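Notes to accompany the following structure.
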Amino acid sequence: MLHRIVAGFTAAVAAFAAAGVAAQQYPTRPVQIVVPFAAGGPTDTVARTVADAMTKALGSGATIVVENLGGAGGTIGAAKVAKANPDGYTLLVHHIGMATAPTLYRKMQYDALKDFEYIGLINDVPMTLLTRNGFPAKDVKSLVAYLKANASKVTLANAGIGSASHLCGLMFMSAIDQELTTVPYKGTAPAMADLMGGQVDLLCDQTTNTTQQIRGGRVQALAITSPKRIDSLKELPTMAESGFPGFSISIWHGLYAPKGTPKPVVDKLVAALQQALKDPGLNKRFADLGAETVTQDRATPAALQKFLTDEINRWGPVIKKAGVYAD
């Protein structure tokens with residue numbers, strides 16, 4: 001009996017030591033970041049920017065590749081990472097959908113709070129309230145007045161149930177106490193294309209997707225949803241300045257690994273993320289897109305875990321009140 005106990009203890013120590021060596025050498029092969037949305041979208045842009053900067057931070061020989069696995073509001077890609085081997089070679093970059101999916105979807109293949117190791121927050125991305133060119137309202141005040149008189153004639157586009165634009169639209173309708181005809185699309189790109197083409201009237205979407213369209217004059221911007229104005233769109237007033245002091249929404253992004261990923265590997269990823277967020281190229285890219293890089297104290301596992309929990313508690317009642325669910 002004693003022999004077996006000693007042998008078991010020895011094996012456990014050896015396994016622990018091997019894991020420690022593997023963590024010290026990590027990464028020895030390409031690391032994959034899963035983006036649970038289509039290529040070219042806002043989250044994809046964020047993930048590829050972070051991947052480039054983290055590759056440099058991890059040092060010589062490190063490689064990070066991005067895989068796009070869209071569908072079901074980001075839950076398919078998130079489920080893949082939740083079920084992946086917890087060795088640090090499969091990661092997830094996800095946005096606010098991590099917080100809204102537990103309420104939106106009746107059946108989930110993962111638990112957003114229990115099935116992941118947290119690496120840290122990445123950035124905050126404000127939303128912009130847009131109209132098609134030629135729309136009668138030229139500011140939020142005149143938009144609200146127009147909607148009160150013509151709500152049945154106005155269409156509000158979004159990128160699909162659970163998308164950032166969908167959530168912003170729900171918040172906007174709640175703020176003005178007015179139901180509008182919503183038009184869901186299969187992604188941000190087709191929603192924006194139809195807004196630019198005049199097929200729909202309104203869209204509320206992330207600055208990472210709207211800044212270039214606003215600057216190019218292809219859409220009309222009325223307000224931004226951040227607490228203060230941003231440098232890339234200085235002329236755009238906030239919703240608070242436009243008469244809605246409680247209207248504030250940012251689409252944040254976080255980095256996750258599968259539950260059970262060894263702590264030394266998680267620590268390496270946290271350090272690499274924090275170093276990446278100091279990268280001048282990354283910060284310029286984010287600033288050009290209207291996004292704000294988080295401070296170092298928010299790029300931590302504890303900060304992301306608390307923030308995700310708070311966001312689930314924040315959005316759950318909003319979604320339940322709207323009665324919006326997905327299978």
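Residue numbers start at 1 in each chain; chains themselves are named A, B, ... in the order of the structure tokens; ligands are numbered from 1 in the order shown.
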
>> Among segment 183-253 of chain A, which ones does DSSP assign to alpha helix (DSSP H) (computed from the backbone)? Answer as an MDAnalysis selection string.
In response: chainID A and resid 188:197 207:215

>> Can you pull out the residues contacting segment 36-48 of chain A? Cut-off 6 Å, using only C-alpha atoms, and skip same-chain residues under 3 positions away; I want them as a list in words.
In response: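 What passes the distance filter is Ala51, Asn68, Leu69, Gly70, Gly74, Gly77, Thr208 and Asn209 of chain A.
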
Produce a file of the selected residues containing N, CA and C atoms, as a PDB file, in the first residue's frame.
ATOM      1  N   ALA A  51      -3.724  40.168 -31.851  1.00  0.00           N
ATOM      2  CA  ALA A  51      -2.883  39.018 -32.182  1.00  0.00           C
ATOM      3  C   ALA A  51      -1.501  39.464 -32.655  1.00  0.00           C
ATOM      4  N   ASN A  68     -11.943  32.492 -37.853  1.00  0.00           N
ATOM      5  CA  ASN A  68     -13.307  33.002 -37.765  1.00  0.00           C
ATOM      6  C   ASN A  68     -14.286  31.842 -37.791  1.00  0.00           C
ATOM      7  N   LEU A  69     -15.111  31.772 -36.766  1.00  0.00           N
ATOM      8  CA  LEU A  69     -16.114  30.717 -36.667  1.00  0.00           C
ATOM      9  C   LEU A  69     -17.413  31.354 -36.192  1.00  0.00           C
ATOM     10  N   GLY A  70     -18.164  31.912 -37.147  1.00  0.00           N
ATOM     11  CA  GLY A  70     -19.376  32.636 -36.824  1.00  0.00           C
ATOM     12  C   GLY A  70     -20.578  31.725 -36.672  1.00  0.00           C
ATOM     13  N   GLY A  74     -22.391  34.209 -31.991  1.00  0.00           N
ATOM     14  CA  GLY A  74     -21.070  34.029 -31.376  1.00  0.00           C
ATOM     15  C   GLY A  74     -20.967  32.816 -30.483  1.00  0.00           C
ATOM     16  N   GLY A  77     -18.580  29.663 -31.875  1.00  0.00           N
ATOM     17  CA  GLY A  77     -17.147  29.844 -31.675  1.00  0.00           C
ATOM     18  C   GLY A  77     -16.762  29.772 -30.210  1.00  0.00           C
ATOM     19  N   THR A 208     -15.860  51.024 -34.581  1.00  0.00           N
ATOM     20  CA  THR A 208     -14.927  50.240 -35.395  1.00  0.00           C
ATOM     21  C   THR A 208     -15.514  49.918 -36.767  1.00  0.00           C
ATOM     22  N   ASN A 209     -16.830  49.963 -36.871  1.00  0.00           N
ATOM     23  CA  ASN A 209     -17.478  49.674 -38.150  1.00  0.00           C
ATOM     24  C   ASN A 209     -18.036  50.920 -38.825  1.00  0.00           C
TER      25      ASN A 209
END

>> Quick one: residues within 8 Å of Thr261 of chain A, only C-alpha atoms, excluding same-chain residues fewer than 4 positions away - as a PyMOL selection string?
In response: chain A and resi 86-88+117+257+265-266

>> Residues within 7 Å of segment 280-295 of chain A, please, as number ranges by chain. Count only C-alpha atoms; anything in the same chain fewer than 6 positions from it doesn't count.
In response: A: 49, 53, 121-126, 207-208, 211, 230, 232

>> List the spatial neighbours of Thr63 of chain A as an NGL selection string - criterion: any atom at most 7 Å away, only C-alpha atoms, same-chain residues fewer than 4 positions off excluded.
In response: :A and (30-31 or 55)

Could the residues in this selection be written to a file with C-alpha atoms, as a PDB file, in the first residue's frame?
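again26.pdb, freshly written:
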ATOM      1  CA  PRO A  30       0.981  28.396 -33.218  1.00  0.00           C
ATOM      2  CA  VAL A  31      -1.647  29.784 -30.858  1.00  0.00           C
ATOM      3  CA  THR A  55       2.869  37.824 -31.083  1.00  0.00           C
TER       4      THR A  55
END

> Between A:Thr90, A:Thr210, A:Ser152, A:Ser163, which one has atoms that come closest to Glu179 of chain A, using only C-alpha atoms?
Replying inline: A:Ser152

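If you look at atom CA of Ile33 of chain A and atom CA of Met192 of chain A, they are 26.1 Å away from each other.
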
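When atom CA of Ala145 of chain A is paired with atom CA of Ile161 of chain A, their separation reads 26.9 Å.
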
> If you count only C-alpha atoms, which residues fall within 7 Å of Val183 of chain A, apart from same-chain ones fewer than 4 positions away, as a PyMOL selection string?
Replying inline: chain A and resi 155-158

For those residues, write C-alpha atoms to a file as a PDB file, in the first residue's frame.
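And here is the file that came out, out_29.pdb:
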ATOM      1  CA  THR A 155     -36.910  50.940 -40.001  1.00  0.00           C
ATOM      2  CA  LEU A 156     -34.095  50.217 -37.538  1.00  0.00           C
ATOM      3  CA  ALA A 157     -31.439  47.819 -38.816  1.00  0.00           C
ATOM      4  CA  ASN A 158     -29.268  45.519 -36.732  1.00  0.00           C
TER       5      ASN A 158
END

> Taking only C-alpha atoms into account, which of A:Leu202, A:Leu233, A:Leu269, A:Val140 comes nearest Arg215 of chain A?
Replying inline: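 Nearest candidate to Arg215 of chain A out of A:Leu202, A:Leu233, A:Leu269, A:Val140: A:Leu233.
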